[in-house]
$ cat coords.txt   # compact mmCIF, C-alpha atoms
# COMPACT_ATOMS: atom_id res chain seq x y z
CA MET A 1 42.67 33.82 28.67
CA THR A 2 40.04 34.33 26.06
CA SER A 3 38.99 30.72 25.49
CA THR A 4 35.32 29.79 25.86
CA PRO A 5 34.19 27.57 28.72
CA PRO A 6 33.31 23.95 27.93
CA GLU A 7 29.79 23.30 26.64
CA GLN A 8 27.10 22.24 29.03
CA SER A 9 26.14 18.58 28.78
CA VAL A 10 22.81 17.76 27.19
CA TRP A 11 22.31 15.20 29.95
CA PRO A 12 22.82 17.13 33.21
CA ALA A 13 22.22 14.01 35.33
CA PHE A 14 25.00 12.19 33.42
CA PRO A 15 27.82 14.71 32.86
CA ASP A 16 30.27 12.08 31.60
CA TYR A 17 27.88 10.57 29.03
CA GLN A 18 29.16 10.46 25.49
CA PRO A 19 26.73 9.44 22.73
CA PRO A 20 27.78 6.38 20.75
CA ALA A 21 29.63 6.97 17.52
CA PHE A 22 27.55 6.77 14.36
CA SER A 23 27.91 3.55 12.47
CA PRO A 24 26.26 3.15 9.07
CA PRO A 25 23.62 0.44 8.76
CA PRO A 26 24.78 -2.85 7.32
CA ALA A 27 24.54 -3.17 3.57
CA SER A 28 21.39 -4.96 2.48
CA PRO A 29 21.98 -8.10 0.51
CA SER A 30 21.22 -7.70 -3.16
CA LEU A 31 18.56 -9.78 -4.84
CA PRO A 32 19.72 -12.95 -6.50
CA PRO A 33 19.97 -12.51 -10.28
CA ASP A 34 17.34 -15.17 -11.03
CA LEU A 35 14.45 -13.31 -9.37
CA PRO A 36 12.30 -11.11 -11.63
CA ARG A 37 12.07 -7.43 -10.86
CA ARG A 38 8.91 -6.17 -9.25
CA ARG A 39 6.61 -4.22 -11.53
CA ARG A 40 5.84 -0.61 -10.80
CA MET A 41 2.18 0.18 -10.38
CA SER A 42 1.01 3.13 -12.46
CA VAL A 43 -1.26 5.85 -11.15
CA PHE A 44 -3.88 4.87 -13.72
CA ARG A 45 -3.89 1.26 -12.45
CA ILE A 46 -4.27 2.45 -8.85
CA VAL A 47 -7.17 4.75 -9.77
CA CYS A 48 -8.89 1.99 -11.74
CA GLY A 49 -8.39 -0.47 -8.89
CA VAL A 50 -9.91 1.93 -6.39
CA LEU A 51 -12.86 2.62 -8.70
CA TRP A 52 -13.56 -1.10 -9.29
CA GLY A 53 -13.34 -1.68 -5.52
CA ALA A 54 -15.78 1.16 -4.86
CA ILE A 55 -18.22 -0.24 -7.42
CA ALA A 56 -18.00 -3.65 -5.76
CA LEU A 57 -18.63 -2.23 -2.28
CA ILE A 58 -21.51 0.00 -3.39
CA CYS A 59 -23.22 -2.84 -5.24
CA ALA A 60 -22.71 -5.22 -2.30
CA ALA A 61 -24.31 -2.68 0.03
CA GLY A 62 -27.11 -2.22 -2.51
CA ALA A 63 -27.68 -5.98 -2.61
CA VAL A 64 -28.04 -6.12 1.17
CA GLY A 65 -30.28 -3.06 1.17
CA GLU A 66 -32.55 -4.36 -1.54
CA TRP A 67 -32.81 -7.75 0.17
CA LEU A 68 -33.83 -6.03 3.43
CA VAL A 69 -36.43 -3.90 1.64
CA GLY A 70 -37.89 -6.96 -0.03
CA ILE A 71 -36.72 -6.74 -3.63
CA PRO A 72 -34.97 -10.09 -4.20
CA GLY A 73 -34.49 -9.63 -7.96
CA GLY A 74 -32.62 -6.36 -7.48
CA ALA A 75 -30.62 -7.91 -4.66
CA VAL A 76 -29.49 -10.78 -6.85
CA LEU A 77 -28.61 -8.40 -9.69
CA CYS A 78 -26.59 -6.17 -7.37
CA ALA A 79 -24.84 -9.20 -5.88
CA VAL A 80 -23.87 -10.46 -9.35
CA ILE A 81 -22.52 -7.04 -10.32
CA ALA A 82 -20.65 -6.79 -7.00
CA LEU A 83 -19.05 -10.20 -7.48
CA GLY A 84 -18.03 -9.40 -11.06
CA SER A 85 -16.54 -6.03 -10.24
CA GLY A 86 -14.78 -7.44 -7.16
CA TRP A 87 -13.26 -10.20 -9.29
CA TYR A 88 -12.12 -7.67 -11.87
CA ASP A 89 -10.71 -5.46 -9.11
CA TYR A 90 -8.63 -8.42 -7.92
CA ARG A 91 -7.36 -8.93 -11.48
CA VAL A 92 -6.41 -5.23 -11.76
CA TRP A 93 -4.36 -5.30 -8.52
CA THR A 94 -2.57 -8.55 -9.43
CA TYR A 95 -1.62 -7.45 -13.00
CA ARG A 96 -3.81 -10.14 -14.58
CA SER A 97 -6.11 -7.82 -16.52
CA ARG A 98 -5.08 -6.67 -19.96
CA ARG A 99 -7.47 -3.73 -19.99
CA LEU A 100 -8.14 -1.66 -16.90
CA ILE A 101 -11.45 -0.21 -18.09
CA VAL A 102 -13.84 -2.68 -19.68
$ encode --input "coords.txt" --output "C-alpha cells"
Amino acid sequence: MTSTPPEQSVWPAFPDYQPPAFSPPPASPSLPPDLPRRRRMSVFRIVCGVLWGAIALICAAGAVGEWLVGIPGGAVLCAVIALGSGWYDYRVWTYRSRRLIV
C-alpha cells in the first residue's frame, strides 16, 4: 500500500484527544433605536486635548516649583493658568467646546 501513516498527535500524552469543534461567538445584541450614536473623535481633537493637558500639567508643576522657590505671585498665576487649561481640556474631551484652539 502507498497510503501515508496517520498523523502524530499534537498532544502525545493524550493520543485520543480531539480539540472541540469551532463554534462562532454569539451575536451581540444591537443597540436599541432610541440611543444616540457615539461620536467619533477626530485626530485634531485628540491632539488639542493632549496639548491642553500638557499645558495644564506644566503650569501646575510650575506653580508648585515657584511656591517652593518663594515666588507666590508667579505660583498663583501658574495655578490659575493650570486650572483654566485643565478645565478647557475637560471640555475638549467631552465635546463641550466649540473651538479647540482658543
$ atom_distance --input "coords.txt" --atom1 "atom CA of A:Gly73" --atom2 "atom CA of A:Tyr88"
22.8 Å
$ atom_distance --input "coords.txt" --atom1 "atom CA of A:Ser42" --atom2 "atom CA of A:Ser85"
19.9 Å
$ atom_distance --input "coords.txt" --atom1 "atom CA of A:Val69" --atom2 "atom CA of A:Asp89"
27.9 Å
$ residues_near_point --input "coords.txt" --point "(-4.0, -4.3, -9.4)" --cutoff "10 Å" --atoms "all atoms listed in the file" --output "PyMOL selection string"
chain A and resi 41-42+45-50+88-97+100
$ closest_residue --input "coords.txt" --among "A:Ile71, A:Val43, A:Ala56, A:Glu66" --to "A:Gly84" --atoms "all atoms listed in the file"
A:Ala56
$ residues_around --input "coords.txt" --residues "A:Ile81" --least-positions-apart "2" --cutoff "9 Å" --atoms "all atoms listed in the file" --output "ChimeraX atom specification"
/A:55-56,59-60,76-79,83-86
$ axis_aligned_box --input "coords.txt" --around "stretch 33-47 of chain A" --padding-each-side "4 Å" --output "lines of an AutoDock Vina configuration file"
center_x = 6.4
center_y = -4.7
center_z = -11.3
size_x = 35.1
size_y = 29.0
size_z = 12.9
